[in-house]
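For reference, input_22.cif is printed below; it contains mmCIF, C-alpha atoms.
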data_run
#
loop_
_atom_site.group_PDB
_atom_site.id
_atom_site.type_symbol
_atom_site.label_atom_id
_atom_site.label_comp_id
_atom_site.auth_asym_id
_atom_site.auth_seq_id
_atom_site.Cartn_x
_atom_site.Cartn_y
_atom_site.Cartn_z
ATOM 1 C CA MET A 10 206.489 308.508 196.126
ATOM 2 C CA GLY A 11 204.556 305.265 196.084
ATOM 3 C CA ASP A 12 205.098 302.286 193.839
ATOM 4 C CA ASP A 13 201.829 303.025 192.007
ATOM 5 C CA VAL A 14 203.681 305.542 189.841
ATOM 6 C CA TRP A 15 205.068 302.584 187.938
ATOM 7 C CA GLY A 16 201.708 300.903 187.458
ATOM 8 C CA GLY A 17 200.420 298.527 190.103
ATOM 9 C CA ALA A 18 201.380 297.245 193.526
ATOM 10 C CA PRO A 19 204.574 295.218 194.030
ATOM 11 C CA ILE A 20 204.178 291.454 193.985
ATOM 12 C CA GLU A 21 205.877 291.173 197.354
ATOM 13 C CA GLU A 22 207.556 294.015 199.202
ATOM 14 C CA SER A 23 211.323 293.989 198.602
ATOM 15 C CA ASN A 24 211.236 290.384 197.370
ATOM 16 C CA LEU A 25 213.559 291.069 194.459
ATOM 17 C CA GLY A 26 215.893 293.145 196.616
ATOM 18 C CA ALA A 27 216.080 290.420 199.259
ATOM 19 C CA THR A 28 216.790 287.807 196.601
ATOM 20 C CA ALA A 29 219.520 289.978 195.099
ATOM 21 C CA ARG A 30 221.192 290.347 198.486
ATOM 22 C CA ARG A 31 221.145 286.580 199.094
ATOM 23 C CA VAL A 32 222.515 285.815 195.650
ATOM 24 C CA ALA A 33 225.189 288.506 196.026
ATOM 25 C CA ALA A 34 226.375 287.068 199.347
ATOM 26 C CA ARG A 35 226.780 283.594 197.833
ATOM 27 C CA ALA A 36 228.340 284.882 194.610
ATOM 28 C CA ARG A 37 230.857 287.002 196.467
ATOM 29 C CA GLN A 38 231.878 284.046 198.611
ATOM 30 C CA SER A 39 232.329 281.819 195.547
ATOM 31 C CA GLY A 40 234.213 284.476 193.589
ATOM 32 C CA ALA A 41 231.546 284.810 190.882
ATOM 33 C CA LEU A 42 230.883 288.376 192.041
ATOM 34 C CA ARG A 43 233.872 290.725 191.892
ATOM 35 C CA PRO A 44 233.002 294.109 193.418
ATOM 36 C CA ILE A 45 235.213 297.015 192.476
ATOM 37 C CA GLU A 46 236.569 298.367 195.758
ATOM 38 C CA THR A 47 236.568 302.161 196.031
ATOM 39 C CA THR A 48 236.937 305.009 198.497
ATOM 40 C CA LEU A 49 234.236 307.665 198.714
ATOM 41 C CA HIS A 50 234.703 311.372 197.928
ATOM 42 C CA HIS A 51 232.435 314.351 197.193
ATOM 43 C CA ILE A 52 232.747 317.353 194.894
ATOM 44 C CA GLU A 53 230.297 320.265 195.086
ATOM 45 C CA HIS A 54 229.601 321.875 191.726
ATOM 46 C CA GLY A 55 226.710 323.946 190.468
ATOM 47 C CA GLY A 56 224.606 323.115 193.508
ATOM 48 C CA VAL A 57 225.121 319.365 193.101
ATOM 49 C CA ARG A 58 227.106 317.342 195.620
ATOM 50 C CA PHE A 59 228.586 314.731 193.288
ATOM 51 C CA VAL A 60 229.582 311.409 194.790
ATOM 52 C CA VAL A 61 232.948 310.353 193.365
ATOM 53 C CA ARG A 62 234.359 306.884 193.925
ATOM 54 C CA MET A 63 238.093 306.314 193.522
ATOM 55 C CA LEU A 64 239.582 302.879 192.888
ATOM 56 C CA ASP A 65 240.910 301.556 196.181
ATOM 57 C CA GLY A 66 244.500 300.520 195.675
ATOM 58 C CA ALA A 67 245.563 297.290 193.986
ATOM 59 C CA SER A 68 242.298 295.433 194.673
ATOM 60 C CA GLY A 69 240.176 298.112 193.072
ATOM 61 C CA ARG A 70 242.454 298.422 190.054
ATOM 62 C CA LYS A 71 242.544 294.634 189.594
ATOM 63 C CA ALA A 72 238.756 294.306 189.552
ATOM 64 C CA ALA A 73 238.451 297.271 187.202
ATOM 65 C CA GLN A 74 241.018 295.695 184.877
ATOM 66 C CA HIS A 75 239.088 292.392 184.921
ATOM 67 C CA ARG A 76 235.933 294.265 183.950
ATOM 68 C CA LEU A 77 237.755 295.952 181.074
ATOM 69 C CA GLN A 78 239.062 292.591 179.851
ATOM 70 C CA GLN A 79 235.532 291.161 179.865
ATOM 71 C CA ALA A 80 234.111 293.978 177.748
ATOM 72 C CA THR A 81 232.510 292.719 174.537
ATOM 73 C CA ILE A 82 231.326 295.946 172.942
ATOM 74 C CA ASP A 83 234.091 295.712 170.304
ATOM 75 C CA GLN A 84 234.376 291.906 170.272
ATOM 76 C CA PRO A 85 233.022 289.303 167.834
ATOM 77 C CA ARG A 86 229.472 288.119 168.368
ATOM 78 C CA ILE A 87 230.673 284.870 169.956
ATOM 79 C CA ALA A 88 231.914 286.775 173.046
ATOM 80 C CA ASN A 89 228.839 287.219 175.237
ATOM 81 C CA PRO A 90 228.723 286.737 179.029
ATOM 82 C CA PHE A 91 224.907 286.780 178.941
ATOM 83 C CA LEU A 92 224.584 283.819 176.544
ATOM 84 C CA PRO A 93 224.783 281.722 178.553
ATOM 85 C CA HIS A 94 224.686 283.759 181.752
ATOM 86 C CA ASP A 95 226.568 282.771 184.879
ATOM 87 C CA PRO A 96 224.030 280.858 187.035
ATOM 88 C CA ALA A 97 225.753 282.166 190.171
ATOM 89 C CA LEU A 98 224.667 285.696 189.195
ATOM 90 C CA PHE A 99 221.061 284.807 188.346
ATOM 91 C CA VAL A 100 218.464 286.697 190.408
ATOM 92 C CA ALA A 101 215.029 286.218 188.811
ATOM 93 C CA GLU A 102 212.959 285.345 185.766
ATOM 94 C CA LEU A 103 211.170 288.508 184.660
ATOM 95 C CA SER A 104 209.301 287.528 181.500
ATOM 96 C CA PRO A 105 209.528 285.246 178.462
ATOM 97 C CA THR A 106 211.949 287.800 176.986
ATOM 98 C CA HIS A 107 213.974 289.054 179.979
ATOM 99 C CA LEU A 108 215.790 287.936 183.118
ATOM 100 C CA CYS A 109 217.516 289.683 186.007
ATOM 101 C CA LEU A 110 221.192 289.182 186.850
ATOM 102 C CA LEU A 111 223.698 290.725 189.220
ATOM 103 C CA ASN A 112 226.355 292.972 187.721
ATOM 104 C CA LYS A 113 229.539 290.900 187.998
ATOM 105 C CA TYR A 114 231.730 293.965 188.614
ATOM 106 C CA PRO A 115 229.587 296.327 190.695
ATOM 107 C CA VAL A 116 230.665 299.668 192.081
ATOM 108 C CA VAL A 117 227.264 300.076 193.779
ATOM 109 C CA GLU A 118 226.104 297.141 195.910
ATOM 110 C CA HIS A 119 223.397 294.812 194.540
ATOM 111 C CA HIS A 120 223.565 296.431 191.109
ATOM 112 C CA LEU A 121 221.053 294.646 188.852
ATOM 113 C CA LEU A 122 221.013 293.995 185.107
ATOM 114 C CA ILE A 123 217.796 293.508 183.128
ATOM 115 C CA VAL A 124 218.946 291.378 180.202
ATOM 116 C CA THR A 125 217.215 290.144 177.043
ATOM 117 C CA ARG A 126 217.210 286.346 176.740
ATOM 118 C CA ALA A 127 217.942 286.462 173.003
ATOM 119 C CA PHE A 128 220.718 288.622 171.627
ATOM 120 C CA GLU A 129 219.819 292.207 170.786
ATOM 121 C CA ALA A 130 222.377 294.940 170.172
ATOM 122 C CA GLN A 131 222.975 297.448 172.958
ATOM 123 C CA GLU A 132 222.481 300.268 170.460
ATOM 124 C CA SER A 133 218.948 299.152 169.589
ATOM 125 C CA LEU A 134 215.874 301.052 170.766
ATOM 126 C CA LEU A 135 214.251 300.064 174.033
ATOM 127 C CA THR A 136 210.921 298.323 173.526
ATOM 128 C CA VAL A 137 207.691 297.852 175.442
ATOM 129 C CA ALA A 138 208.999 294.430 176.527
ATOM 130 C CA ASP A 139 212.161 296.078 177.901
ATOM 131 C CA PHE A 140 210.120 298.563 179.908
ATOM 132 C CA ASP A 141 207.741 295.879 181.141
ATOM 133 C CA ALA A 142 210.711 293.921 182.544
ATOM 134 C CA LEU A 143 212.251 297.060 184.025
ATOM 135 C CA LEU A 144 209.026 298.111 185.739
ATOM 136 C CA LYS A 145 208.727 294.703 187.405
ATOM 137 C CA CYS A 146 212.096 295.364 189.019
ATOM 138 C CA GLN A 147 211.532 299.041 189.745
ATOM 139 C CA ARG A 148 208.312 298.349 191.645
ATOM 140 C CA GLU A 149 210.263 296.240 194.123
ATOM 141 C CA VAL A 150 213.673 297.925 194.149
ATOM 142 C CA ASP A 151 213.761 301.705 194.480
ATOM 143 C CA GLY A 152 216.764 302.928 192.540
ATOM 144 C CA LEU A 153 218.177 304.478 189.401
ATOM 145 C CA ALA A 154 217.427 302.686 186.141
ATOM 146 C CA PHE A 155 219.668 303.572 183.218
ATOM 147 C CA TYR A 156 220.529 302.530 179.688
ATOM 148 C CA ASN A 157 223.892 303.155 178.038
ATOM 149 C CA SER A 158 223.178 303.094 174.309
ATOM 150 C CA GLY A 159 226.478 302.016 172.804
ATOM 151 C CA LYS A 160 230.159 302.321 173.649
ATOM 152 C CA ILE A 161 230.225 306.112 173.415
ATOM 153 C CA ALA A 162 227.471 306.186 176.066
ATOM 154 C CA GLY A 163 229.527 304.009 178.419
ATOM 155 C CA ALA A 164 228.322 300.507 177.498
ATOM 156 C CA SER A 165 230.832 297.685 177.882
ATOM 157 C CA GLN A 166 228.651 294.778 176.688
ATOM 158 C CA ARG A 167 227.109 294.393 173.224
ATOM 159 C CA HIS A 168 224.138 292.367 174.501
ATOM 160 C CA LYS A 169 221.166 294.602 175.298
ATOM 161 C CA HIS A 170 220.670 295.259 179.000
ATOM 162 C CA LEU A 171 219.222 297.928 181.246
ATOM 163 C CA GLN A 172 220.678 298.533 184.686
ATOM 164 C CA LEU A 173 219.153 299.240 188.082
ATOM 165 C CA ALA A 174 221.360 300.644 190.831
ATOM 166 C CA PRO A 175 219.562 300.595 194.216
ATOM 167 C CA PHE A 176 219.317 303.797 196.201
ATOM 168 C CA PRO A 177 221.092 305.513 197.764
ATOM 169 C CA LEU A 178 223.734 306.167 195.111
ATOM 170 C CA ASP A 179 225.581 308.175 197.750
ATOM 171 C CA PRO A 180 226.158 305.987 200.842
ATOM 172 C CA THR A 181 225.825 309.074 203.052
ATOM 173 C CA GLY A 182 222.093 308.852 202.363
ATOM 174 C CA VAL A 183 221.410 310.839 199.176
ATOM 175 C CA ASP A 184 219.408 308.754 196.732
ATOM 176 C CA SER A 185 220.322 310.631 193.555
ATOM 177 C CA PRO A 186 222.691 313.628 193.824
ATOM 178 C CA ILE A 187 221.426 315.181 190.576
ATOM 179 C CA ASP A 188 217.974 315.689 192.142
ATOM 180 C CA ARG A 189 219.177 319.014 193.561
ATOM 181 C CA ALA A 190 219.558 320.378 190.022
ATOM 182 C CA LEU A 191 216.264 319.106 188.629
ATOM 183 C CA GLY A 192 214.099 321.601 190.473
ATOM 184 C CA ALA A 193 210.544 321.022 191.650
ATOM 185 C CA PRO A 194 208.319 318.615 189.715
ATOM 186 C CA HIS A 195 206.143 320.393 187.173
ATOM 187 C CA HIS A 196 204.284 319.758 183.902
ATOM 188 C CA TYR A 197 203.892 316.056 184.668
ATOM 189 C CA GLY A 198 204.165 313.900 181.565
ATOM 190 C CA GLU A 199 205.595 316.728 179.439
ATOM 191 C CA ILE A 200 209.168 317.007 178.199
ATOM 192 C CA VAL A 201 210.915 319.943 179.868
ATOM 193 C CA ARG A 202 214.433 321.155 180.648
ATOM 194 C CA SER A 203 215.981 322.102 183.960
ATOM 195 C CA PRO A 204 217.604 325.555 183.988
ATOM 196 C CA HIS A 205 220.157 324.183 186.441
ATOM 197 C CA LEU A 206 221.587 321.513 184.113
ATOM 198 C CA PRO A 207 224.097 322.992 181.622
ATOM 199 C CA PHE A 208 224.223 319.950 179.336
ATOM 200 C CA VAL A 209 221.697 319.076 176.623
ATOM 201 C CA HIS A 210 218.900 316.955 178.057
ATOM 202 C CA ALA A 211 215.212 316.110 178.107
ATOM 203 C CA LEU A 212 213.469 315.784 181.483
ATOM 204 C CA LEU A 213 210.056 314.290 182.164
ATOM 205 C CA TRP A 214 208.353 314.189 185.568
ATOM 206 C CA LEU A 215 206.169 311.189 186.402
ATOM 207 C CA SER A 216 202.839 311.881 188.058
ATOM 208 C CA GLU A 217 202.228 310.749 191.610
ATOM 209 C CA ASN A 218 198.506 310.375 191.038
ATOM 210 C CA ARG A 219 198.187 308.040 188.073
ATOM 211 C CA PHE A 220 199.447 304.760 186.763
ATOM 212 C CA ALA A 221 202.131 304.531 184.083
ATOM 213 C CA GLU A 222 202.233 301.397 181.939
ATOM 214 C CA ALA A 223 205.116 300.083 179.864
ATOM 215 C CA GLU A 224 203.492 301.298 176.638
ATOM 216 C CA GLU A 225 203.240 304.843 177.980
ATOM 217 C CA ILE A 226 206.825 304.845 179.234
ATOM 218 C CA ALA A 227 207.973 303.583 175.822
ATOM 219 C CA GLY A 228 206.152 306.406 174.057
ATOM 220 C CA SER A 229 207.624 309.044 176.362
ATOM 221 C CA TYR A 230 211.099 307.567 175.957
ATOM 222 C CA ARG A 231 210.909 307.828 172.168
ATOM 223 C CA SER A 232 209.690 311.407 172.388
ATOM 224 C CA MET A 233 212.632 312.227 174.640
ATOM 225 C CA LEU A 234 215.122 310.776 172.151
ATOM 226 C CA ASN A 235 213.537 312.909 169.477
ATOM 227 C CA ALA A 236 213.753 315.981 171.714
ATOM 228 C CA ILE A 237 217.515 315.603 172.233
ATOM 229 C CA GLY A 238 218.103 314.958 168.536
ATOM 230 C CA VAL A 239 219.478 311.412 168.668
ATOM 231 C CA TRP A 240 216.603 309.660 166.914
ATOM 232 C CA THR A 241 214.208 310.993 164.314
ATOM 233 C CA ASP A 242 213.773 308.143 161.826
ATOM 234 C CA GLU A 243 211.791 304.978 162.639
ATOM 235 C CA LEU A 244 214.038 303.014 160.287
ATOM 236 C CA ALA A 245 217.346 304.308 161.643
ATOM 237 C CA ALA A 246 219.277 303.384 164.772
ATOM 238 C CA PRO A 247 219.605 306.183 167.326
ATOM 239 C CA LYS A 248 222.829 308.054 167.922
ATOM 240 C CA PRO A 249 224.520 307.389 171.301
ATOM 241 C CA TYR A 250 222.670 308.539 174.408
ATOM 242 C CA ASN A 251 222.007 307.784 178.071
ATOM 243 C CA TRP A 252 218.490 307.293 179.416
ATOM 244 C CA LEU A 253 217.871 307.419 183.164
ATOM 245 C CA ALA A 254 214.745 306.893 185.243
ATOM 246 C CA THR A 255 213.611 306.847 188.848
ATOM 247 C CA ARG A 256 210.078 306.467 190.196
ATOM 248 C CA ARG A 257 209.771 310.268 189.929
ATOM 249 C CA TRP A 258 211.444 311.336 186.686
ATOM 250 C CA MET A 259 213.091 310.308 183.409
ATOM 251 C CA LEU A 260 216.133 311.978 181.841
ATOM 252 C CA ALA A 261 217.704 311.568 178.374
ATOM 253 C CA VAL A 262 221.114 312.944 177.359
ATOM 254 C CA PRO A 263 222.930 312.742 173.993
ATOM 255 C CA ARG A 264 226.528 311.515 173.917
ATOM 256 C CA CYS A 265 229.458 312.451 171.719
ATOM 257 C CA ALA A 266 232.368 311.046 173.747
ATOM 258 C CA GLU A 267 232.914 308.072 176.037
ATOM 259 C CA GLY A 268 234.949 310.121 178.482
ATOM 260 C CA VAL A 269 237.246 313.075 179.042
ATOM 261 C CA GLY A 270 240.483 313.497 180.974
ATOM 262 C CA GLY A 271 240.754 309.719 181.190
ATOM 263 C CA ILE A 272 237.461 309.534 183.115
ATOM 264 C CA SER A 273 234.784 307.344 181.526
ATOM 265 C CA VAL A 274 231.166 308.422 181.968
ATOM 266 C CA ASN A 275 228.048 306.262 181.770
ATOM 267 C CA GLY A 276 224.447 306.840 182.833
ATOM 268 C CA LEU A 277 225.404 306.995 186.512
ATOM 269 C CA GLY A 278 227.419 310.137 185.814
ATOM 270 C CA PHE A 279 224.292 312.072 184.842
ATOM 271 C CA ALA A 280 222.719 311.052 188.156
ATOM 272 C CA GLY A 281 225.673 312.608 189.979
ATOM 273 C CA SER A 282 227.899 309.550 190.489
ATOM 274 C CA LEU A 283 231.372 309.292 188.914
ATOM 275 C CA LEU A 284 234.321 306.902 189.097
ATOM 276 C CA VAL A 285 237.994 307.944 188.943
ATOM 277 C CA ARG A 286 241.138 305.853 188.800
ATOM 278 C CA ASP A 287 243.438 307.667 191.241
ATOM 279 C CA GLU A 288 244.288 310.859 193.127
ATOM 280 C CA VAL A 289 245.474 312.554 189.935
ATOM 281 C CA GLN A 290 242.102 312.099 188.241
ATOM 282 C CA LEU A 291 240.296 313.119 191.425
ATOM 283 C CA ALA A 292 242.314 316.351 191.649
ATOM 284 C CA TRP A 293 241.703 317.083 187.951
ATOM 285 C CA LEU A 294 237.970 316.537 188.402
ATOM 286 C CA ARG A 295 237.920 318.951 191.359
ATOM 287 C CA THR A 296 239.667 321.587 189.253
ATOM 288 C CA VAL A 297 237.517 321.218 186.141
ATOM 289 C CA GLY A 298 234.194 320.512 187.849
ATOM 290 C CA PRO A 299 231.955 317.470 187.222
ATOM 291 C CA LEU A 300 229.261 319.453 185.393
ATOM 292 C CA ASN A 301 231.845 320.579 182.860
ATOM 293 C CA VAL A 302 232.845 316.965 182.309
ATOM 294 C CA LEU A 303 229.217 316.046 181.667
ATOM 295 C CA CYS A 304 228.947 318.941 179.205
ATOM 296 C CA ALA A 305 232.070 317.783 177.362
ATOM 297 C CA VAL A 306 230.832 314.209 176.829
ATOM 298 C CA SER A 307 227.271 315.153 175.912
ATOM 299 C CA ASP A 308 227.582 318.167 173.602
ATOM 300 C CA CYS A 309 229.587 317.631 170.430
ATOM 301 C CA ARG A 310 229.833 321.403 169.934
ATOM 302 C CA ALA A 311 231.687 321.953 173.214
ATOM 303 C CA THR A 312 234.864 320.509 174.716
ATOM 304 C CA LEU A 313 236.919 321.437 177.726
ATOM 305 C CA ALA A 314 239.148 323.433 175.386
ATOM 306 C CA ASP A 315 236.218 325.319 173.869
ATOM 307 C CA LYS A 316 235.734 328.830 175.210
ATOM 308 C CA SER A 317 231.982 328.401 174.834
ATOM 309 C CA LEU A 318 232.020 325.856 177.632
ATOM 310 C CA PRO A 319 232.053 327.409 181.107
ATOM 311 C CA LEU A 320 235.215 326.308 182.861
ATOM 312 C CA GLN A 321 234.375 327.403 186.373
ATOM 313 C CA GLY A 322 235.982 325.150 188.950
ATOM 314 C CA ALA A 323 234.213 323.080 191.528
ATOM 315 C CA GLU A 324 232.856 324.877 194.545
#
Could you spell out this file's structure in structure tokens?
Amino acid sequence: MGDDVWGGAPIEESNLGATARRVAARARQSGALRPIETTLHHIEHGGVRFVVRMLDGASGRKAAQHRLQQATIDQPRIANPFLPHDPALFVAELSPTHLCLLNKYPVVEHHLLIVTRAFEAQESLLTVADFDALLKCQREVDGLAFYNSGKIAGASQRHKHLQLAPFPLDPTGVDSPIDRALGAPHHYGEIVRSPHLPFVHALLWLSENRFAEAEEIAGSYRSMLNAIGVWTDELAAPKPYNWLATRRWMLAVPRCAEGVGGISVNGLGFAGSLLVRDEVQLAWLRTVGPLNVLCAVSDCRATLADKSLPLQGAE
């Protein structure tokens, strides 16, 4: 799929990606960037080959603990790593309202953050300005964009930010593992559901043959939130949800729990990428099945102890 899906040609091919790689190399050397070291595993479930990363010994656990200590989602307003941001993690100016930073504690290499310059709450609705900034990045870096709306949806920072994880999410070469369960593109621009995804969701395919502007993406996004029942009132804040987007599709999922079985789930989980702490969690996830975990954190009517939730094991 060409970049024109997102509305216009890239300013310079891979310029943002190249900049991110240069900044990451310097930041890692200086210690400003603290990647979370993991080992790679896979779990087949429901036709999806989930990529599961497990913290790699003491180094992985230490970085993960640092990230947890830096979380501000439950902290006073004064705690904010984005105001001011760390200059060593700065990648690019995007607009008068947004800038691009590196994720300080990445699990996926060159993981980008699209951050508002002024404070806005992470639970607030995405705006046309947010999508305009995101599209500038997405035209140059092919990857998974996602938004964790609030702590229950996996957010760790209170300051509003979208994220862009470059493809492939699976280092073996699979861009987005969940693609196998989305089916073939159809009804472009309309909100549909995939029969292969057991959790509540709204799916929208982006046309290959027309431009999509930030205003159009914003309208579709709001319709998707309405479709999954997390936002129906212009004056009210939405309930927790994850919103994901590639150059080909957008996906919205409601959230009712931050995690299950000790495994936290954010937007990456609904793209088929999960993180576990140790062998015990990895074995539990194999037994329960990743799709069942996604069902448990997205549907308040079903839990892993609820007979209405299918408890088939992983394949």
As an exercise, work out the distance from atom CA of A:Gly198 to atom CA of A:Ala223 in Å and give it to one decimal place.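 Taking atom CA of A:Gly198 as the start and atom CA of A:Ala223 as the end point, the length is 14.0 Å.
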Do you know which residues are at most 12 Å from A:Ala292 counting all atoms listed in the file, after dropping those on the same chain fewer than 5 positions away, and could you put them as a PyMOL selection string? chain A and resi 50-52+61+63+270+272+285-287+297-299+322-323
Selected residue, from A:Arg264, A:His54, A:Arg35, A:Arg231, that lies nearest to A:Gly276 when counting all atoms listed in the file: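 Nearest to A:Gly276: A:Arg264.
Note that the spacing between atom CA of A:Gln38 and atom CA of A:Gln78 amounts to 21.8 Å.
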Could you list the residues chosen by the PyMOL selection byres ((chain A and resi 206-218) around 6) in this structure as a short mmCIF file (atom, residue, chain, number, x, y, z; two decimals) with C-alpha atoms, in the coordinates of the input?
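See part00.cif below for the written result:
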data_model
loop_
_atom_site.label_atom_id
_atom_site.label_comp_id
_atom_site.auth_asym_id
_atom_site.auth_seq_id
_atom_site.Cartn_x
_atom_site.Cartn_y
_atom_site.Cartn_z
CA VAL A 14 203.68 305.54 189.84
CA TYR A 197 203.89 316.06 184.67
CA GLY A 198 204.16 313.90 181.56
CA GLU A 199 205.60 316.73 179.44
CA ILE A 200 209.17 317.01 178.20
CA VAL A 201 210.92 319.94 179.87
CA ARG A 202 214.43 321.15 180.65
CA SER A 203 215.98 322.10 183.96
CA PRO A 204 217.60 325.56 183.99
CA HIS A 205 220.16 324.18 186.44
CA ARG A 219 198.19 308.04 188.07
CA MET A 233 212.63 312.23 174.64
CA ARG A 257 209.77 310.27 189.93
CA TRP A 258 211.44 311.34 186.69
CA MET A 259 213.09 310.31 183.41
CA LEU A 260 216.13 311.98 181.84
CA ALA A 261 217.70 311.57 178.37
CA VAL A 262 221.11 312.94 177.36
CA CYS A 304 228.95 318.94 179.20
#
Between A:Thr47, A:Thr136, A:Thr28, A:Thr81, single out the one closest to A:Glu102, counting only C-alpha atoms. A:Thr28
Hits from the PyMOL selection byres ((chain A and resi 109-118) around 8), listed as a PDB file with C-alpha atoms, keeping the file's coordinate frame:
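Result file follows (expr.pdb):
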ATOM      1  CA  ALA A  29     219.520 289.978 195.099  1.00  0.00           C
ATOM      2  CA  ALA A  33     225.189 288.506 196.026  1.00  0.00           C
ATOM      3  CA  ALA A  41     231.546 284.810 190.882  1.00  0.00           C
ATOM      4  CA  LEU A  42     230.883 288.376 192.041  1.00  0.00           C
ATOM      5  CA  ARG A  43     233.872 290.725 191.892  1.00  0.00           C
ATOM      6  CA  PRO A  44     233.002 294.109 193.418  1.00  0.00           C
ATOM      7  CA  ILE A  45     235.213 297.015 192.476  1.00  0.00           C
ATOM      8  CA  GLU A  46     236.569 298.367 195.758  1.00  0.00           C
ATOM      9  CA  THR A  47     236.568 302.161 196.031  1.00  0.00           C
ATOM     10  CA  ALA A  72     238.756 294.306 189.552  1.00  0.00           C
ATOM     11  CA  ALA A  73     238.451 297.271 187.202  1.00  0.00           C
ATOM     12  CA  ARG A  76     235.933 294.265 183.950  1.00  0.00           C
ATOM     13  CA  LEU A  98     224.667 285.696 189.195  1.00  0.00           C
ATOM     14  CA  PHE A  99     221.061 284.807 188.346  1.00  0.00           C
ATOM     15  CA  VAL A 100     218.464 286.697 190.408  1.00  0.00           C
ATOM     16  CA  ALA A 101     215.029 286.218 188.811  1.00  0.00           C
ATOM     17  CA  GLU A 102     212.959 285.345 185.766  1.00  0.00           C
ATOM     18  CA  LEU A 103     211.170 288.508 184.660  1.00  0.00           C
ATOM     19  CA  HIS A 107     213.974 289.054 179.979  1.00  0.00           C
ATOM     20  CA  LEU A 108     215.790 287.936 183.118  1.00  0.00           C
ATOM     21  CA  HIS A 119     223.397 294.812 194.540  1.00  0.00           C
ATOM     22  CA  HIS A 120     223.565 296.431 191.109  1.00  0.00           C
ATOM     23  CA  LEU A 121     221.053 294.646 188.852  1.00  0.00           C
ATOM     24  CA  LEU A 122     221.013 293.995 185.107  1.00  0.00           C
ATOM     25  CA  ILE A 123     217.796 293.508 183.128  1.00  0.00           C
ATOM     26  CA  VAL A 124     218.946 291.378 180.202  1.00  0.00           C
ATOM     27  CA  ALA A 174     221.360 300.644 190.831  1.00  0.00           C
ATOM     28  CA  PRO A 175     219.562 300.595 194.216  1.00  0.00           C
ATOM     29  CA  LEU A 178     223.734 306.167 195.111  1.00  0.00           C
TER      30      LEU A 178
END
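Residues matched by the PyMOL selection byres ((chain A and resi 163) around 10) in this structure: Ile82, Tyr156, Asn157, Ser158, Gly159, Lys160, Ile161, Ala162, Ala164, Ser165, Gln166, Pro249, Tyr250, Asn251, Arg264, Ala266, Glu267, Gly268, Ser273, Val274, Asn275, Gly276, Leu277 and Gly278 of chain A.
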Include C-alpha atoms and write out the residues we just selected as a PDB file, keeping the file's coordinate frame.
ATOM      1  CA  ILE A  82     231.326 295.946 172.942  1.00  0.00           C
ATOM      2  CA  TYR A 156     220.529 302.530 179.688  1.00  0.00           C
ATOM      3  CA  ASN A 157     223.892 303.155 178.038  1.00  0.00           C
ATOM      4  CA  SER A 158     223.178 303.094 174.309  1.00  0.00           C
ATOM      5  CA  GLY A 159     226.478 302.016 172.804  1.00  0.00           C
ATOM      6  CA  LYS A 160     230.159 302.321 173.649  1.00  0.00           C
ATOM      7  CA  ILE A 161     230.225 306.112 173.415  1.00  0.00           C
ATOM      8  CA  ALA A 162     227.471 306.186 176.066  1.00  0.00           C
ATOM      9  CA  ALA A 164     228.322 300.507 177.498  1.00  0.00           C
ATOM     10  CA  SER A 165     230.832 297.685 177.882  1.00  0.00           C
ATOM     11  CA  GLN A 166     228.651 294.778 176.688  1.00  0.00           C
ATOM     12  CA  PRO A 249     224.520 307.389 171.301  1.00  0.00           C
ATOM     13  CA  TYR A 250     222.670 308.539 174.408  1.00  0.00           C
ATOM     14  CA  ASN A 251     222.007 307.784 178.071  1.00  0.00           C
ATOM     15  CA  ARG A 264     226.528 311.515 173.917  1.00  0.00           C
ATOM     16  CA  ALA A 266     232.368 311.046 173.747  1.00  0.00           C
ATOM     17  CA  GLU A 267     232.914 308.072 176.037  1.00  0.00           C
ATOM     18  CA  GLY A 268     234.949 310.121 178.482  1.00  0.00           C
ATOM     19  CA  SER A 273     234.784 307.344 181.526  1.00  0.00           C
ATOM     20  CA  VAL A 274     231.166 308.422 181.968  1.00  0.00           C
ATOM     21  CA  ASN A 275     228.048 306.262 181.770  1.00  0.00           C
ATOM     22  CA  GLY A 276     224.447 306.840 182.833  1.00  0.00           C
ATOM     23  CA  LEU A 277     225.404 306.995 186.512  1.00  0.00           C
ATOM     24  CA  GLY A 278     227.419 310.137 185.814  1.00  0.00           C
TER      25      GLY A 278
END
What is the atom CA of A:Leu153 to atom CA of A:Phe176 distance in Å?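 Interatomic distance, atom CA of A:Leu153 to atom CA of A:Phe176: 6.9 Å.
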Kindly provide, as a PyMOL selection string, the polymer residues lying within 12 Å of (227.7, 286.5, 175.0), counting only C-alpha atoms and using the coordinates exactly as they appear in the file. chain A and resi 79-82+84-95+124-130+165-170
Between A:Ala221, A:Leu171, A:Ser232, A:Ala97, which residue has the minimum interatomic distance to A:Arg37, considering only C-alpha atoms?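 Of A:Ala221, A:Leu171, A:Ser232, A:Ala97, the one nearest A:Arg37 is A:Ala97, counting only C-alpha atoms.
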In terms of the shortest atom-to-atom distance over all atoms listed in the file, which of A:Leu64, A:Val57, A:Thr255, A:Glu222 is closest to A:Asp139? A:Glu222
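With distances restricted to all atoms listed in the file, A:Ala254 is the closest residue to A:Leu173 from A:Leu303, A:Ala246, A:Cys265, A:Ala254.
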